[in-house]
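A.B. asks: For reference, the structure I am asking about is given below.
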Amino acid sequence: MEGAAVSARDLGLKGSKGAVFEGVSLEAPPGTLIAVTGPSGSGRTCLLLTLTGRMRPTSGHATVAGHRVPQRMGSVRRVAALGPVPGVTDLEPSWTVTEHLRERALLRRPRRGLRRERAAERRERVAEALDRAGLRPGELPKGPRTTVRHLERLEALRLGVALALLDRPRLLALDDADLKLSDPERAELWELLRGLAKEGTTVLAVCSEPPPDVLAVRTTADEGPGEPDEERDDAPEDAPHGEPGDAPDDDTTGEGDADDASTTTGRA
């Protein structure tokens with residue numbers, strides 16, 4: 001599946017305490033690896049949620065796979081999947097890798113068809129997602145029965161990515177991508193994300209230290225667009241990690257209260 005082209009013009013989000021982010025512009029063709037950077041509290045997570053159709057901007061506009069934000073938020077959500085986003089797509093620490101994969105795959109079960117065909121489709125989809133995410137359950141401490149609390153940080157990231165890839169999205173987004181990773185682990189992470197982008201999936205990753213070969217977009221205007229951060233930022237994002245509930249109408253209703261963008265509003 002072809003990745004999603006992403007563009008934005010003077011995109012901004014304002015809450016009751018002022019601007020969360022503002023003046024964000026970018027042009028990214030399908031299959032681009034986009035790094036969202038900026039100081040902690042500068043609205044990186046909110047920008048990620050806006051570009052994936054989970055949060056409504058208050059100024060400017062964006063287009064994702066031809067769907068305009070904020071007019072067609074539901075259409076954007078159908079082509080964009082959230083990988084690891086703290087506070088939104090948190091993994092259950094007591095669940096095993098198998099349990100997480102089974103639950104997510106079952107949510108995609110076709111309404112009609114033979115049980116054997118459904119099971120075969122699930123197995124194929126899970127195997128594909130694990131392969132693309134570079135997660136090998138057989139090599140984990142307790143194999144597929146390893147619980148999330150016993151996963152290393154990079155392994156948990158790969159699991160979160162694999163769960164998102166079960167939807168075969170055109171846009172994959174993940175937050176705090178390089179948080180608490182060693183230098184070799186960061187190199188592995190960016191190799192993974194580059195690989196997904198080369199396969200065609202557009203990838204949007206919030207990070208503190210983007211590599212020089214990605215499209216870097218800052219949430220602050222203290223540096224020109226596309227320039228990497230100069231300071232390390234390992235602190236969690238101060239902006240909300242939440243997602244408004246989906247309205248029944250695809251494209252005509254809001255995605256939460258734009259007057260209070262600082263409210264945490266639920267899980268993905």
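Ordered as shown in the structure tokens, chains take letters A, B, and onward, while each chain numbers its residues from 1 and ligands are numbered from 1 in the order shown.
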Which residues come within 8 Å of Leu47 (chain A), counting only C-alpha atoms, excluding same-chain residues fewer than 4 positions away, as a PyMOL selection string?
C.D. replies: chain A and resi 21+43+51+219
A.B. asks: Excluding region 30-34 of chain A and any residue of its chain fewer than 4 positions from it, enumerate the residues within 12 Å of it, using only C-alpha atoms, and give them as a VMD selection string.
C.D. replies: chain A and resid 1 to 7 26 48 51 64 to 66 169 to 175 177 190 to 207 210 to 218 225 to 226 228
A.B. asks: Which one of A:Pro57, A:Thr63, A:Arg125, A:Arg149 sits closest to Ser94 (chain A) if you count only C-alpha atoms?
C.D. replies: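 That would be A:Arg149, the residue with the smallest distance to Ser94 (chain A).
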A.B. asks: From the set A:Arg186, A:Leu181, A:Thr146, A:Ser208, which residue has the shortest atom-to-atom contact distance to Pro93 (chain A), counting only C-alpha atoms?
C.D. replies: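 When distances to Pro93 (chain A) are compared using only C-alpha atoms, the smallest one comes from A:Thr146.
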A.B. asks: So which one's closest to Arg44 (chain A), A:Leu130, A:Leu151, A:Val24, A:Val69? Using only C-alpha atoms, please.
C.D. replies: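 Closest to Arg44 (chain A) of all the choices is A:Val24.
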A.B. asks: What's around Leu135 (chain A) at 10 Å? Count only C-alpha atoms, leave out sequence neighbours fewer than 4 positions away in its own chain, and write the answer as JSON, numbers by chain.
C.D. replies: {"A": [127, 129, 130, 131, 139, 140, 154, 155, 156, 157, 158, 159, 161, 162]}
A.B. asks: Could you name the residues that touch Leu107 (chain A) at 12 Å or less, counting only C-alpha atoms, but leaving out those on the same chain fewer than 5 positions away, as a PyMOL selection string?
C.D. replies: chain A and resi 100-102+118+122+163+166-167
A.B. asks: Take the residues from that selection and write them out as a PDB file, in the first residue's frame, keeping all heavy atoms.
C.D. replies:
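Saved result, selection-v1.pdb, follows:
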```
ATOM      1  N   HIS A 100      -1.337  -9.494  23.413  1.00  0.00           N
ATOM      2  CA  HIS A 100      -1.495  -8.204  22.726  1.00  0.00           C
ATOM      3  C   HIS A 100      -1.780  -8.412  21.243  1.00  0.00           C
ATOM      4  O   HIS A 100      -2.675  -7.773  20.673  1.00  0.00           O
ATOM      5  CB  HIS A 100      -0.236  -7.358  22.900  1.00  0.00           C
ATOM      6  CG  HIS A 100      -0.205  -6.582  24.170  1.00  0.00           C
ATOM      7  ND1 HIS A 100      -1.007  -5.486  24.403  1.00  0.00           N
ATOM      8  CD2 HIS A 100       0.535  -6.742  25.287  1.00  0.00           C
ATOM      9  CE1 HIS A 100      -0.764  -4.992  25.596  1.00  0.00           C
ATOM     10  NE2 HIS A 100       0.168  -5.744  26.167  1.00  0.00           N
ATOM     11  N   LEU A 101      -1.028  -9.279  20.613  1.00  0.00           N
ATOM     12  CA  LEU A 101      -1.202  -9.516  19.184  1.00  0.00           C
ATOM     13  C   LEU A 101      -2.557 -10.147  18.890  1.00  0.00           C
ATOM     14  O   LEU A 101      -3.238  -9.772  17.926  1.00  0.00           O
ATOM     15  CB  LEU A 101      -0.080 -10.414  18.663  1.00  0.00           C
ATOM     16  CG  LEU A 101       1.312  -9.781  18.621  1.00  0.00           C
ATOM     17  CD1 LEU A 101       2.379 -10.852  18.435  1.00  0.00           C
ATOM     18  CD2 LEU A 101       1.401  -8.738  17.501  1.00  0.00           C
ATOM     19  N   ARG A 102      -2.961 -11.104  19.731  1.00  0.00           N
ATOM     20  CA  ARG A 102      -4.246 -11.773  19.507  1.00  0.00           C
ATOM     21  C   ARG A 102      -5.393 -10.777  19.626  1.00  0.00           C
ATOM     22  O   ARG A 102      -6.316 -10.777  18.800  1.00  0.00           O
ATOM     23  CB  ARG A 102      -4.433 -12.913  20.492  1.00  0.00           C
ATOM     24  CG  ARG A 102      -5.757 -13.661  20.310  1.00  0.00           C
ATOM     25  CD  ARG A 102      -5.962 -14.733  21.365  1.00  0.00           C
ATOM     26  NE  ARG A 102      -4.959 -15.782  21.256  1.00  0.00           N
ATOM     27  CZ  ARG A 102      -4.133 -16.132  22.222  1.00  0.00           C
ATOM     28  NH1 ARG A 102      -4.190 -15.495  23.395  1.00  0.00           N
ATOM     29  NH2 ARG A 102      -3.255 -17.094  22.047  1.00  0.00           N
ATOM     30  N   ARG A 118     -10.589 -16.926   8.400  1.00  0.00           N
ATOM     31  CA  ARG A 118     -10.311 -15.819   9.316  1.00  0.00           C
ATOM     32  C   ARG A 118      -9.034 -16.089  10.104  1.00  0.00           C
ATOM     33  O   ARG A 118      -8.203 -15.215  10.271  1.00  0.00           O
ATOM     34  CB  ARG A 118     -11.496 -15.612  10.261  1.00  0.00           C
ATOM     35  CG  ARG A 118     -12.761 -15.112   9.575  1.00  0.00           C
ATOM     36  CD  ARG A 118     -13.670 -14.443  10.577  1.00  0.00           C
ATOM     37  NE  ARG A 118     -14.050 -15.345  11.656  1.00  0.00           N
ATOM     38  CZ  ARG A 118     -15.181 -16.034  11.690  1.00  0.00           C
ATOM     39  NH1 ARG A 118     -16.030 -15.963  10.679  1.00  0.00           N
ATOM     40  NH2 ARG A 118     -15.471 -16.797  12.727  1.00  0.00           N
ATOM     41  N   ARG A 122      -5.550 -13.943  10.009  1.00  0.00           N
ATOM     42  CA  ARG A 122      -4.948 -13.362  11.204  1.00  0.00           C
ATOM     43  C   ARG A 122      -3.490 -13.776  11.332  1.00  0.00           C
ATOM     44  O   ARG A 122      -2.622 -12.956  11.640  1.00  0.00           O
ATOM     45  CB  ARG A 122      -5.719 -13.786  12.455  1.00  0.00           C
ATOM     46  CG  ARG A 122      -7.072 -13.132  12.625  1.00  0.00           C
ATOM     47  CD  ARG A 122      -7.527 -13.202  14.078  1.00  0.00           C
ATOM     48  NE  ARG A 122      -7.584 -14.569  14.570  1.00  0.00           N
ATOM     49  CZ  ARG A 122      -8.645 -15.359  14.478  1.00  0.00           C
ATOM     50  NH1 ARG A 122      -9.731 -14.937  13.864  1.00  0.00           N
ATOM     51  NH2 ARG A 122      -8.626 -16.576  14.986  1.00  0.00           N
ATOM     52  N   LEU A 163       1.849  -3.849  16.414  1.00  0.00           N
ATOM     53  CA  LEU A 163       0.404  -3.755  16.632  1.00  0.00           C
ATOM     54  C   LEU A 163      -0.219  -2.744  15.687  1.00  0.00           C
ATOM     55  O   LEU A 163      -1.301  -2.973  15.130  1.00  0.00           O
ATOM     56  CB  LEU A 163       0.116  -3.384  18.088  1.00  0.00           C
ATOM     57  CG  LEU A 163       0.498  -4.433  19.130  1.00  0.00           C
ATOM     58  CD1 LEU A 163       0.338  -3.876  20.544  1.00  0.00           C
ATOM     59  CD2 LEU A 163      -0.329  -5.699  18.960  1.00  0.00           C
ATOM     60  N   LEU A 166      -0.571  -3.981  12.053  1.00  0.00           N
ATOM     61  CA  LEU A 166      -1.647  -4.915  11.757  1.00  0.00           C
ATOM     62  C   LEU A 166      -2.750  -4.255  10.938  1.00  0.00           C
ATOM     63  O   LEU A 166      -3.466  -4.918  10.184  1.00  0.00           O
ATOM     64  CB  LEU A 166      -2.232  -5.482  13.055  1.00  0.00           C
ATOM     65  CG  LEU A 166      -1.359  -6.478  13.815  1.00  0.00           C
ATOM     66  CD1 LEU A 166      -1.992  -6.803  15.159  1.00  0.00           C
ATOM     67  CD2 LEU A 166      -1.163  -7.754  13.009  1.00  0.00           C
ATOM     68  N   ASP A 167      -2.880  -2.941  11.066  1.00  0.00           N
ATOM     69  CA  ASP A 167      -3.878  -2.196  10.296  1.00  0.00           C
ATOM     70  C   ASP A 167      -3.393  -1.857   8.888  1.00  0.00           C
ATOM     71  O   ASP A 167      -4.139  -1.276   8.109  1.00  0.00           O
ATOM     72  CB  ASP A 167      -4.243  -0.891  11.022  1.00  0.00           C
ATOM     73  CG  ASP A 167      -4.959  -1.147  12.333  1.00  0.00           C
ATOM     74  OD1 ASP A 167      -5.680  -2.155  12.426  1.00  0.00           O
ATOM     75  OD2 ASP A 167      -4.811  -0.338  13.262  1.00  0.00           O
TER      76      ASP A 167
END
```
A.B. asks: So which residues of region 22-226 of chain A fall under alpha helix (DSSP H) by DSSP, listed as a ChimeraX atom specification?
C.D. replies: /A:44-51,73-79,97-107,115-133,153-165,183-198
A.B. asks: Can you work out the spacing between CA of Gly160 (chain A) and CA of Thr50 (chain A) in Å, to one decimal?
C.D. replies: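 These atoms are spaced 19.7 Å apart.
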A.B. asks: Please determine, counting only C-alpha atoms, which residue among A:Thr45, A:Ala80, A:Val148, A:Ser75 has the shortest atom-to-atom distance to Trp95 (chain A).
C.D. replies: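 For Trp95 (chain A), the nearest of the given residues is A:Val148.
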A.B. asks: What separation in Å, quoted to one decimal, exists between CA of Arg9 (chain A) and CA of Leu189 (chain A)?
C.D. replies: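 Answer for the CA of Arg9 (chain A) to CA of Leu189 (chain A) separation: 29.1 Å.
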A.B. asks: For CA of Lys180 (chain A) and CA of Gly143 (chain A), quote the distance in Å rounded to one decimal.
C.D. replies: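 So the two atoms, CA of Lys180 (chain A) and CA of Gly143 (chain A), lie 23.7 Å apart.
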A.B. asks: I'd like the contact shell of Leu13 (chain A) - 7 Å cut-off, only C-alpha atoms, skipping same-chain residues fewer than 6 positions apart - returned as number ranges by chain.
C.D. replies: A: 19-22, 57-59
A.B. asks: I'd like to know which of A:Gly60, A:Glu121, A:Thr147, A:Gly53 is closest to Thr98 (chain A), using only C-alpha atoms.
C.D. replies: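 That would be A:Thr147, the residue with the smallest distance to Thr98 (chain A).
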A.B. asks: Taking only C-alpha atoms into account, name the residue in A:Met73, A:Ala164, A:Gly83, A:Met55 that is nearest to Arg104 (chain A).
C.D. replies: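 Once distances to Arg104 (chain A) are computed over only C-alpha atoms, the minimum belongs to A:Ala164.
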